[in-house]
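Okay, structure first, notes after.
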Amino acid sequence: MIDRDGLAAFLRTRRASLQPDDVGLPRGRRRRTDGLRREEVAGLCHMSTDYYARLERGTGPRPSGQMLAAIALGLHLTLGERDHLFRLAGHEPPERGPASDHVSPGLLRILDRLRDTPAEVVTELGETLRQTPLGTALLGDATSRTGDARSLGYRWFTDPAARDAYDDDGERRTLSRVYASGLRELAALRGPSSRAAALAASLVEVSPEFRELWERQEVGVAPPAIKRFRHPEVGVIEVSCQTLLDPDQSHRLLVYTATPGSASHEKLQLLAVIGSSAAV
């Protein structure tokens with residue numbers, strides 16, 4: 001059963017404990033409230049202010065698991081706090097570990113401070129969980145996909161649009177080998193009943209290219225040191241990718257940077273302006 005009063009008190013307390021800087025928001029000049037405003041939290045959780053306000057007043061409906069997951073991310077909850085939130089709402093907490101979509105507060109704090117840099121948090125299966133605004137402008141919004149298509153590796157072999165940003169055939173062939181070998185290693189690590197193994201089995205059925213690569217038994221194929229994306233508005237952008245690993249959740253924070261002063265660096269700056277204009 002949902003504990004409405006307990007849920008409301010927990011949400012109010014967590015909101016009051018956060019400052020705009022903690023979640024990548026500007027402070028503004030006329031801030032009278034301790035912590036975040038309700039409308040700020042609602043925006044972070046991708047829900048209406050009225051819905052969130054009703055939860056804090058204890059008068060709202062029982063939130064779904066999807067809503068609770070969004071609230072947990074918006075409020076930068078730890079895993080323990082996330083589990084407590086689910087129990088207050090009368091739900092069993094989601095599983096922890098590699099299959100979890102819950103991004104740790106530590107990774108979120110870093111991501112929130114990279115607003116002028118393309119960056120994203122991905123699972124070990126290549127499922128994008130969060131992106132910076134410039135990450136979305138460069139790579140497209142990859143957070144709303146469902147099912148197997150959440151995995152970039154799966155889309156690479158099943159959706160021709162996944163390769164649109166790469167116009168070099170040699171790079172495409174290399175990336176195909178990278179995704180196939182990486183999935184083979186992950187399936188061996190997680191076991192035959194894992195999501196990785198199920199994803200590989202599905203790709204063997206639907207993609208002749210993947211099936212041929214899978215039969216090669218390749219492992220340890222390294223990705224290119226420089227990634228080249230062809231953007232429809234600014235052309236080819238060359239970036240390096242730095243990775244920060246959260247070992248508890250097996251999530252990775254990927255940060256894409258271009259050499260200062262290079263043509264790619266200037267294109268990223270232009271893309272930041274284009275992205276900001278499109279968002280207005």
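Identifiers in this document derive from the order of the structure tokens: chains are assigned A, B, ..., residues are numbered from 1 separately in each chain, and ligands are numbered from 1 in order of occurrence.
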Can you tell me which residues surround segment 131-138 of chain A at a distance of at most 12 Å, considering only C-alpha atoms, apart from same-chain residues fewer than 5 positions away, and format the answer as a ChimeraX atom specification? /A:24,103,107-122,143-144,165,228-239,252-257,264,267-279
Set the distance at 12 Å and use only C-alpha atoms: which residues neighbour Asp159 of chain A once local chain neighbours fewer than 5 positions away are removed? I'd like the list as an mmCIF file with N, CA and C atoms, in the first residue's frame.
```cif
data_model
loop_
_atom_site.group_PDB
_atom_site.id
_atom_site.type_symbol
_atom_site.label_atom_id
_atom_site.label_comp_id
_atom_site.auth_asym_id
_atom_site.auth_seq_id
_atom_site.Cartn_x
_atom_site.Cartn_y
_atom_site.Cartn_z
ATOM 1 N N ASP A 148 14.599 -3.697 -27.445
ATOM 2 C CA ASP A 148 15.965 -3.940 -27.885
ATOM 3 C C ASP A 148 16.571 -2.725 -28.580
ATOM 4 N N ALA A 149 15.717 -1.887 -29.182
ATOM 5 C CA ALA A 149 16.205 -0.721 -29.910
ATOM 6 C C ALA A 149 16.844 0.325 -28.996
ATOM 7 N N ARG A 150 16.725 0.161 -27.697
ATOM 8 C CA ARG A 150 17.436 1.066 -26.796
ATOM 9 C C ARG A 150 18.945 0.903 -26.957
ATOM 10 N N SER A 151 19.397 -0.274 -27.339
ATOM 11 C CA SER A 151 20.818 -0.562 -27.477
ATOM 12 C C SER A 151 21.346 -0.054 -28.815
ATOM 13 N N LEU A 152 22.394 0.766 -28.773
ATOM 14 C CA LEU A 152 22.989 1.268 -30.008
ATOM 15 C C LEU A 152 23.514 0.119 -30.859
ATOM 16 N N GLY A 153 24.102 -0.893 -30.212
ATOM 17 C CA GLY A 153 24.599 -2.037 -30.966
ATOM 18 C C GLY A 153 23.491 -2.749 -31.718
ATOM 19 N N TYR A 154 22.328 -2.879 -31.099
ATOM 20 C CA TYR A 154 21.196 -3.518 -31.778
ATOM 21 C C TYR A 154 20.737 -2.662 -32.951
ATOM 22 N N ASP A 164 23.863 6.590 -40.359
ATOM 23 C CA ASP A 164 23.837 7.803 -41.175
ATOM 24 C C ASP A 164 24.978 8.760 -40.842
ATOM 25 N N LEU A 203 19.844 -10.807 -32.571
ATOM 26 C CA LEU A 203 20.570 -10.267 -33.715
ATOM 27 C C LEU A 203 21.003 -11.371 -34.679
ATOM 28 N N VAL A 206 18.031 -11.882 -36.948
ATOM 29 C CA VAL A 206 17.508 -10.828 -37.826
ATOM 30 C C VAL A 206 18.574 -10.171 -38.696
ATOM 31 N N SER A 207 19.859 -10.343 -38.387
ATOM 32 C CA SER A 207 20.901 -9.640 -39.130
ATOM 33 C C SER A 207 21.948 -10.600 -39.689
#
```
My list of candidates is A:Ala258, A:Leu129, A:Leu245, A:Ala198. Which is closest to Ile226 of chain A when distances are computed with only C-alpha atoms?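 Closest residue, counting only C-alpha atoms: A:Ala258.
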So that I can see what lies close to His251 of chain A, please list as a PyMOL selection string the residues with an atom at most 10 Å from it, counting only C-alpha atoms and leaving out residues fewer than 6 positions away in the same chain. chain A and resi 97-104+107+121-129+243-245
Name the residues of segment 33-139 of chain A that come out as strand (DSSP E) in a backbone DSSP run; write them as a ChimeraX atom specification. /A:119-122,128-131
Please, could you write that set of residues out with N, CA, C and O atoms as an mmCIF file, in the first residue's frame?
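As a result, again34.cif now contains:
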```cif
data_model
loop_
_atom_site.group_PDB
_atom_site.id
_atom_site.type_symbol
_atom_site.label_atom_id
_atom_site.label_comp_id
_atom_site.auth_asym_id
_atom_site.auth_seq_id
_atom_site.Cartn_x
_atom_site.Cartn_y
_atom_site.Cartn_z
ATOM 1 N N ALA A 119 28.022 14.864 -23.988
ATOM 2 C CA ALA A 119 28.259 13.779 -23.037
ATOM 3 C C ALA A 119 26.980 12.991 -22.856
ATOM 4 O O ALA A 119 25.871 13.504 -23.070
ATOM 5 N N GLU A 120 27.132 11.728 -22.446
ATOM 6 C CA GLU A 120 25.974 10.875 -22.203
ATOM 7 C C GLU A 120 26.343 9.783 -21.215
ATOM 8 O O GLU A 120 27.510 9.412 -21.078
ATOM 9 N N VAL A 121 25.331 9.283 -20.501
ATOM 10 C CA VAL A 121 25.492 8.134 -19.623
ATOM 11 C C VAL A 121 24.834 6.946 -20.300
ATOM 12 O O VAL A 121 23.660 7.018 -20.699
ATOM 13 N N VAL A 122 25.583 5.852 -20.457
ATOM 14 C CA VAL A 122 25.067 4.675 -21.152
ATOM 15 C C VAL A 122 25.252 3.436 -20.285
ATOM 16 O O VAL A 122 26.138 3.379 -19.427
ATOM 17 N N THR A 128 21.315 4.562 -23.908
ATOM 18 C CA THR A 128 21.538 5.919 -23.418
ATOM 19 C C THR A 128 20.498 6.273 -22.360
ATOM 20 O O THR A 128 19.296 6.231 -22.625
ATOM 21 N N LEU A 129 20.979 6.638 -21.166
ATOM 22 C CA LEU A 129 20.095 6.974 -20.055
ATOM 23 C C LEU A 129 19.928 8.477 -19.879
ATOM 24 O O LEU A 129 18.846 8.948 -19.568
ATOM 25 N N ARG A 130 21.006 9.222 -20.043
ATOM 26 C CA ARG A 130 20.949 10.680 -19.928
ATOM 27 C C ARG A 130 21.932 11.289 -20.923
ATOM 28 O O ARG A 130 22.972 10.705 -21.215
ATOM 29 N N GLN A 131 21.598 12.487 -21.407
ATOM 30 C CA GLN A 131 22.463 13.218 -22.315
ATOM 31 C C GLN A 131 22.517 14.686 -21.904
ATOM 32 O O GLN A 131 21.548 15.231 -21.360
#
```
In segment 76-254 of chain A, what's helix (DSSP H, G or I) per DSSP? Answer as a tab-separated table (two decimals) with N, CA, C and O atoms, in the first residue's frame?
```
chain	number	residue	atom	x	y	z
A	79	LEU	N	20.89	4.89	-4.53
A	79	LEU	CA	20.14	3.64	-4.70
A	79	LEU	C	19.28	3.34	-3.48
A	79	LEU	O	18.14	2.90	-3.60
A	80	GLY	N	19.83	3.58	-2.29
A	80	GLY	CA	19.05	3.34	-1.08
A	80	GLY	C	17.84	4.25	-1.01
A	80	GLY	O	16.74	3.81	-0.63
A	81	GLU	N	18.01	5.51	-1.37
A	81	GLU	CA	16.89	6.46	-1.37
A	81	GLU	C	15.88	6.10	-2.45
A	81	GLU	O	14.66	6.23	-2.24
A	82	ARG	N	16.36	5.66	-3.60
A	82	ARG	CA	15.44	5.23	-4.66
A	82	ARG	C	14.59	4.06	-4.20
A	82	ARG	O	13.36	4.04	-4.40
A	83	ASP	N	15.22	3.06	-3.56
A	83	ASP	CA	14.46	1.90	-3.08
A	83	ASP	C	13.42	2.33	-2.05
A	83	ASP	O	12.29	1.82	-2.04
A	84	HIS	N	13.80	3.26	-1.17
A	84	HIS	CA	12.87	3.75	-0.16
A	84	HIS	C	11.69	4.45	-0.82
A	84	HIS	O	10.53	4.27	-0.41
A	85	LEU	N	11.96	5.25	-1.86
A	85	LEU	CA	10.90	5.94	-2.59
A	85	LEU	C	9.91	4.94	-3.17
A	85	LEU	O	8.69	5.12	-3.05
A	86	PHE	N	10.40	3.89	-3.78
A	86	PHE	CA	9.52	2.88	-4.37
A	86	PHE	C	8.66	2.20	-3.29
A	86	PHE	O	7.46	1.97	-3.50
A	87	ARG	N	9.25	1.89	-2.16
A	87	ARG	CA	8.49	1.22	-1.10
A	87	ARG	C	7.41	2.14	-0.52
A	87	ARG	O	6.31	1.68	-0.22
A	88	LEU	N	7.73	3.43	-0.37
A	88	LEU	CA	6.73	4.36	0.11
A	88	LEU	C	5.53	4.42	-0.83
A	88	LEU	O	4.39	4.59	-0.40
A	105	PRO	N	24.04	9.46	-8.25
A	105	PRO	CA	24.14	10.92	-8.08
A	105	PRO	C	25.50	11.46	-8.48
A	105	PRO	O	25.60	12.57	-9.00
A	106	GLY	N	26.57	10.67	-8.26
A	106	GLY	CA	27.90	11.13	-8.62
A	106	GLY	C	28.03	11.38	-10.12
A	106	GLY	O	28.53	12.43	-10.55
A	107	LEU	N	27.57	10.42	-10.94
A	107	LEU	CA	27.63	10.61	-12.38
A	107	LEU	C	26.73	11.76	-12.83
A	107	LEU	O	27.07	12.53	-13.73
A	108	LEU	N	25.56	11.88	-12.19
A	108	LEU	CA	24.65	12.96	-12.56
A	108	LEU	C	25.25	14.32	-12.26
A	108	LEU	O	25.09	15.27	-13.03
A	109	ARG	N	25.95	14.44	-11.11
A	109	ARG	CA	26.56	15.73	-10.77
A	109	ARG	C	27.61	16.12	-11.81
A	109	ARG	O	27.73	17.30	-12.18
A	110	ILE	N	28.38	15.14	-12.26
A	110	ILE	CA	29.38	15.44	-13.30
A	110	ILE	C	28.69	15.81	-14.61
A	110	ILE	O	29.04	16.80	-15.27
A	111	LEU	N	27.67	15.03	-14.99
A	111	LEU	CA	26.95	15.30	-16.23
A	111	LEU	C	26.32	16.69	-16.22
A	111	LEU	O	26.36	17.41	-17.23
A	112	ASP	N	25.75	17.08	-15.08
A	112	ASP	CA	25.10	18.38	-14.98
A	112	ASP	C	26.06	19.54	-15.18
A	112	ASP	O	25.64	20.65	-15.54
A	133	PRO	N	22.61	18.67	-23.17
A	133	PRO	CA	21.96	19.29	-24.33
A	133	PRO	C	22.82	19.22	-25.60
A	133	PRO	O	22.31	18.94	-26.68
A	134	LEU	N	24.14	19.43	-25.47
A	134	LEU	CA	25.00	19.36	-26.65
A	134	LEU	C	25.20	17.91	-27.10
A	134	LEU	O	25.41	17.65	-28.28
A	135	GLY	N	25.10	16.98	-26.17
A	135	GLY	CA	25.13	15.57	-26.54
A	135	GLY	C	23.94	15.21	-27.41
A	135	GLY	O	24.06	14.49	-28.41
A	136	THR	N	22.77	15.74	-27.06
A	136	THR	CA	21.57	15.51	-27.87
A	136	THR	C	21.69	16.18	-29.22
A	136	THR	O	21.30	15.61	-30.25
A	137	ALA	N	22.25	17.40	-29.24
A	137	ALA	CA	22.41	18.12	-30.50
A	137	ALA	C	23.36	17.38	-31.45
A	137	ALA	O	23.14	17.36	-32.66
A	138	LEU	N	24.40	16.77	-30.91
A	138	LEU	CA	25.38	16.06	-31.74
A	138	LEU	C	24.90	14.68	-32.16
A	138	LEU	O	25.03	14.30	-33.32
A	139	LEU	N	24.33	13.94	-31.21
A	139	LEU	CA	24.03	12.52	-31.44
A	139	LEU	C	22.55	12.22	-31.65
A	139	LEU	O	22.20	11.11	-32.03
A	147	GLY	N	12.55	-1.21	-25.74
A	147	GLY	CA	12.87	-2.57	-26.16
A	147	GLY	C	14.33	-2.72	-26.56
A	147	GLY	O	15.21	-1.99	-26.10
A	148	ASP	N	14.60	-3.70	-27.44
A	148	ASP	CA	15.97	-3.94	-27.88
A	148	ASP	C	16.57	-2.72	-28.58
A	148	ASP	O	17.80	-2.54	-28.56
A	149	ALA	N	15.72	-1.89	-29.18
A	149	ALA	CA	16.20	-0.72	-29.91
A	149	ALA	C	16.84	0.33	-29.00
A	149	ALA	O	17.45	1.28	-29.50
A	150	ARG	N	16.72	0.16	-27.70
A	150	ARG	CA	17.44	1.07	-26.80
A	150	ARG	C	18.95	0.90	-26.96
A	150	ARG	O	19.71	1.84	-26.71
A	152	LEU	N	22.39	0.77	-28.77
A	152	LEU	CA	22.99	1.27	-30.01
A	152	LEU	C	23.51	0.12	-30.86
A	152	LEU	O	23.38	0.13	-32.09
A	153	GLY	N	24.10	-0.89	-30.21
A	153	GLY	CA	24.60	-2.04	-30.97
A	153	GLY	C	23.49	-2.75	-31.72
A	153	GLY	O	23.68	-3.18	-32.86
A	154	TYR	N	22.33	-2.88	-31.10
A	154	TYR	CA	21.20	-3.52	-31.78
A	154	TYR	C	20.74	-2.66	-32.95
A	154	TYR	O	20.50	-3.17	-34.06
A	155	ARG	N	20.61	-1.35	-32.73
A	155	ARG	CA	20.17	-0.46	-33.82
A	155	ARG	C	21.18	-0.47	-34.97
A	155	ARG	O	20.80	-0.35	-36.14
A	156	TRP	N	22.45	-0.61	-34.64
A	156	TRP	CA	23.48	-0.59	-35.67
A	156	TRP	C	23.24	-1.67	-36.72
A	156	TRP	O	23.45	-1.46	-37.92
A	157	PHE	N	22.77	-2.83	-36.29
A	157	PHE	CA	22.57	-3.95	-37.21
A	157	PHE	C	21.14	-4.07	-37.73
A	157	PHE	O	20.87	-4.89	-38.62
A	158	THR	N	20.21	-3.29	-37.20
A	158	THR	CA	18.81	-3.45	-37.60
A	158	THR	C	18.17	-2.19	-38.16
A	158	THR	O	17.11	-2.26	-38.79
A	160	PRO	N	19.07	1.08	-40.52
A	160	PRO	CA	20.06	1.77	-41.36
A	160	PRO	C	20.34	3.21	-40.92
A	160	PRO	O	21.45	3.71	-41.13
A	161	ALA	N	19.37	3.86	-40.29
A	161	ALA	CA	19.57	5.24	-39.85
A	161	ALA	C	20.66	5.36	-38.80
A	161	ALA	O	21.24	6.44	-38.62
A	162	ALA	N	20.94	4.27	-38.08
A	162	ALA	CA	21.97	4.31	-37.05
A	162	ALA	C	23.35	4.56	-37.63
A	162	ALA	O	24.27	4.96	-36.92
A	163	ARG	N	23.51	4.33	-38.94
A	163	ARG	CA	24.82	4.49	-39.59
A	163	ARG	C	24.92	5.79	-40.39
A	163	ARG	O	25.94	6.04	-41.03
A	169	ASP	N	33.17	3.70	-45.24
A	169	ASP	CA	32.86	2.27	-45.19
A	169	ASP	C	33.82	1.52	-44.26
A	169	ASP	O	33.41	0.58	-43.56
A	170	GLY	N	35.09	1.92	-44.26
A	170	GLY	CA	36.05	1.26	-43.37
A	170	GLY	C	35.70	1.47	-41.91
A	170	GLY	O	35.79	0.52	-41.10
A	171	GLU	N	35.27	2.67	-41.56
A	171	GLU	CA	34.88	2.94	-40.17
A	171	GLU	C	33.62	2.17	-39.82
A	171	GLU	O	33.49	1.65	-38.70
A	172	ARG	N	32.70	2.06	-40.75
A	172	ARG	CA	31.49	1.29	-40.49
A	172	ARG	C	31.82	-0.18	-40.22
A	172	ARG	O	31.26	-0.79	-39.31
A	173	ARG	N	32.72	-0.74	-41.03
A	173	ARG	CA	33.09	-2.15	-40.82
A	173	ARG	C	33.77	-2.34	-39.47
A	173	ARG	O	33.52	-3.33	-38.78
A	174	THR	N	34.62	-1.38	-39.10
A	174	THR	CA	35.29	-1.47	-37.80
A	174	THR	C	34.28	-1.42	-36.66
A	174	THR	O	34.35	-2.22	-35.71
A	175	LEU	N	33.33	-0.51	-36.75
A	175	LEU	CA	32.34	-0.40	-35.69
A	175	LEU	C	31.46	-1.64	-35.62
A	175	LEU	O	31.05	-2.06	-34.53
A	176	SER	N	31.15	-2.24	-36.74
A	176	SER	CA	30.38	-3.50	-36.72
A	176	SER	C	31.14	-4.56	-35.93
A	176	SER	O	30.56	-5.29	-35.11
A	177	ARG	N	32.44	-4.67	-36.15
A	177	ARG	CA	33.26	-5.63	-35.41
A	177	ARG	C	33.31	-5.28	-33.93
A	177	ARG	O	33.27	-6.17	-33.07
A	178	VAL	N	33.40	-3.98	-33.62
A	178	VAL	CA	33.45	-3.54	-32.22
A	178	VAL	C	32.18	-3.96	-31.49
A	178	VAL	O	32.23	-4.53	-30.39
A	179	TYR	N	31.02	-3.70	-32.10
A	179	TYR	CA	29.75	-4.02	-31.43
A	179	TYR	C	29.57	-5.53	-31.28
A	179	TYR	O	29.09	-6.00	-30.24
A	180	ALA	N	29.92	-6.30	-32.29
A	180	ALA	CA	29.76	-7.75	-32.21
A	180	ALA	C	30.70	-8.35	-31.18
A	180	ALA	O	30.29	-9.20	-30.37
A	181	SER	N	31.95	-7.94	-31.18
A	181	SER	CA	32.91	-8.51	-30.22
A	181	SER	C	32.58	-8.07	-28.80
A	181	SER	O	32.72	-8.86	-27.85
A	182	GLY	N	32.15	-6.82	-28.64
A	182	GLY	CA	31.79	-6.35	-27.30
A	182	GLY	C	30.61	-7.11	-26.73
A	182	GLY	O	30.59	-7.45	-25.53
A	183	LEU	N	29.63	-7.39	-27.57
A	183	LEU	CA	28.46	-8.15	-27.11
A	183	LEU	C	28.84	-9.58	-26.78
A	183	LEU	O	28.32	-10.18	-25.82
A	184	ARG	N	29.76	-10.16	-27.53
A	184	ARG	CA	30.23	-11.52	-27.23
A	184	ARG	C	30.90	-11.56	-25.86
A	184	ARG	O	30.63	-12.47	-25.06
A	185	GLU	N	31.75	-10.60	-25.56
A	185	GLU	CA	32.41	-10.55	-24.26
A	185	GLU	C	31.40	-10.36	-23.14
A	185	GLU	O	31.50	-10.99	-22.07
A	186	LEU	N	30.42	-9.49	-23.36
A	186	LEU	CA	29.43	-9.20	-22.33
A	186	LEU	C	28.53	-10.41	-22.08
A	186	LEU	O	28.19	-10.72	-20.92
A	187	ALA	N	28.14	-11.11	-23.14
A	187	ALA	CA	27.31	-12.31	-22.98
A	187	ALA	C	28.05	-13.39	-22.20
A	187	ALA	O	27.46	-14.10	-21.37
A	188	ALA	N	29.37	-13.51	-22.43
A	188	ALA	CA	30.16	-14.49	-21.67
A	188	ALA	C	30.28	-14.08	-20.21
A	188	ALA	O	30.25	-14.92	-19.31
A	189	LEU	N	30.41	-12.77	-19.98
A	189	LEU	CA	30.54	-12.26	-18.61
A	189	LEU	C	29.25	-12.44	-17.82
A	189	LEU	O	29.27	-12.86	-16.66
A	190	ARG	N	28.12	-12.12	-18.44
A	190	ARG	CA	26.84	-12.12	-17.72
A	190	ARG	C	26.13	-13.47	-17.75
A	190	ARG	O	25.22	-13.72	-16.96
A	195	ARG	N	20.57	-10.47	-20.44
A	195	ARG	CA	20.03	-9.64	-21.52
A	195	ARG	C	21.00	-9.58	-22.69
A	195	ARG	O	20.58	-9.51	-23.85
A	196	ALA	N	22.30	-9.59	-22.38
A	196	ALA	CA	23.29	-9.54	-23.45
A	196	ALA	C	23.19	-10.78	-24.34
A	196	ALA	O	23.23	-10.68	-25.58
A	197	ALA	N	23.04	-11.95	-23.74
A	197	ALA	CA	22.90	-13.17	-24.51
A	197	ALA	C	21.61	-13.17	-25.32
A	197	ALA	O	21.59	-13.61	-26.48
A	198	ALA	N	20.54	-12.66	-24.74
A	198	ALA	CA	19.26	-12.60	-25.46
A	198	ALA	C	19.36	-11.63	-26.63
A	198	ALA	O	18.81	-11.89	-27.72
A	199	LEU	N	20.06	-10.52	-26.45
A	199	LEU	CA	20.23	-9.55	-27.52
A	199	LEU	C	21.04	-10.16	-28.67
A	199	LEU	O	20.70	-9.99	-29.85
A	200	ALA	N	22.09	-10.90	-28.31
A	200	ALA	CA	22.90	-11.55	-29.34
A	200	ALA	C	22.08	-12.57	-30.11
A	200	ALA	O	22.16	-12.66	-31.35
A	201	ALA	N	21.28	-13.37	-29.41
A	201	ALA	CA	20.44	-14.38	-30.07
A	201	ALA	C	19.46	-13.73	-31.03
A	201	ALA	O	19.20	-14.23	-32.13
A	202	SER	N	18.90	-12.60	-30.63
A	202	SER	CA	17.95	-11.89	-31.48
A	202	SER	C	18.64	-11.36	-32.74
A	202	SER	O	18.10	-11.47	-33.85
A	203	LEU	N	19.84	-10.81	-32.57
A	203	LEU	CA	20.57	-10.27	-33.72
A	203	LEU	C	21.00	-11.37	-34.68
A	203	LEU	O	21.02	-11.17	-35.90
A	204	VAL	N	21.36	-12.53	-34.17
A	204	VAL	CA	21.72	-13.66	-35.04
A	204	VAL	C	20.54	-14.01	-35.95
A	204	VAL	O	20.72	-14.38	-37.12
A	205	GLU	N	19.33	-13.88	-35.43
A	205	GLU	CA	18.14	-14.22	-36.20
A	205	GLU	C	17.81	-13.18	-37.26
A	205	GLU	O	17.38	-13.53	-38.36
A	206	VAL	N	18.03	-11.88	-36.95
A	206	VAL	CA	17.51	-10.83	-37.83
A	206	VAL	C	18.57	-10.17	-38.70
A	206	VAL	O	18.22	-9.49	-39.67
A	208	PRO	N	21.97	-10.81	-41.00
A	208	PRO	CA	23.01	-11.67	-41.60
A	208	PRO	C	24.42	-11.13	-41.33
A	208	PRO	O	25.35	-11.93	-41.14
A	209	GLU	N	24.58	-9.81	-41.33
A	209	GLU	CA	25.90	-9.23	-41.06
A	209	GLU	C	26.37	-9.58	-39.66
A	209	GLU	O	27.51	-10.00	-39.46
A	210	PHE	N	25.48	-9.41	-38.68
A	210	PHE	CA	25.86	-9.75	-37.31
A	210	PHE	C	26.15	-11.24	-37.19
A	210	PHE	O	27.11	-11.63	-36.52
A	211	ARG	N	25.34	-12.06	-37.83
A	211	ARG	CA	25.53	-13.51	-37.74
A	211	ARG	C	26.91	-13.91	-38.27
A	211	ARG	O	27.61	-14.75	-37.66
A	212	GLU	N	27.33	-13.29	-39.37
A	212	GLU	CA	28.64	-13.59	-39.94
A	212	GLU	C	29.76	-13.15	-38.99
A	212	GLU	O	30.74	-13.89	-38.78
A	213	LEU	N	29.61	-11.98	-38.38
A	213	LEU	CA	30.61	-11.50	-37.43
A	213	LEU	C	30.62	-12.34	-36.16
A	213	LEU	O	31.68	-12.62	-35.58
A	214	TRP	N	29.44	-12.75	-35.71
A	214	TRP	CA	29.33	-13.54	-34.49
A	214	TRP	C	30.06	-14.88	-34.64
A	214	TRP	O	30.70	-15.37	-33.72
```
Can you list, as a list in words, every protein, DNA or RNA residue that comes within 8 Å of Arg57 of chain A when you count only C-alpha atoms, leaving out same-chain residues fewer than 3 positions away?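 Here the qualifying residues turn out to be Asp5, Ala8, Ala53, Arg54 and Gly60 of chain A.
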Would you mind exporting N, CA and C atoms of the selected residues as a CSV table (one decimal), in the first residue's frame?
```csv
chain,number,residue,atom,x,y,z
A,5,ASP,N,1.5,10.0,3.1
A,5,ASP,CA,2.1,11.0,4.0
A,5,ASP,C,3.6,10.8,4.0
A,8,ALA,N,5.0,12.0,0.7
A,8,ALA,CA,5.0,13.5,0.6
A,8,ALA,C,6.1,14.1,1.4
A,53,ALA,N,3.3,18.5,-7.4
A,53,ALA,CA,2.8,19.2,-6.2
A,53,ALA,C,1.8,18.4,-5.5
A,54,ARG,N,0.9,17.7,-6.2
A,54,ARG,CA,-0.1,16.8,-5.5
A,54,ARG,C,0.6,15.7,-4.8
A,60,GLY,N,-2.0,13.1,-4.5
A,60,GLY,CA,-1.9,12.7,-5.9
A,60,GLY,C,-2.2,11.2,-6.0
```
Record the distance separating atom CA of Leu25 of chain A and atom CA of Thr259 of chain A, expressed in Å with one decimal. 27.3 Å
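Distances to Ala72 of chain A were evaluated for A:Arg96, A:His91, A:His265, A:Arg14 using only C-alpha atoms, and the minimum falls at A:Arg14.
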Across A:Ala89, A:Ala225, A:His76, A:Arg145, the smallest distance to Pro20 of chain A, with only C-alpha atoms counted, is shown by A:His76
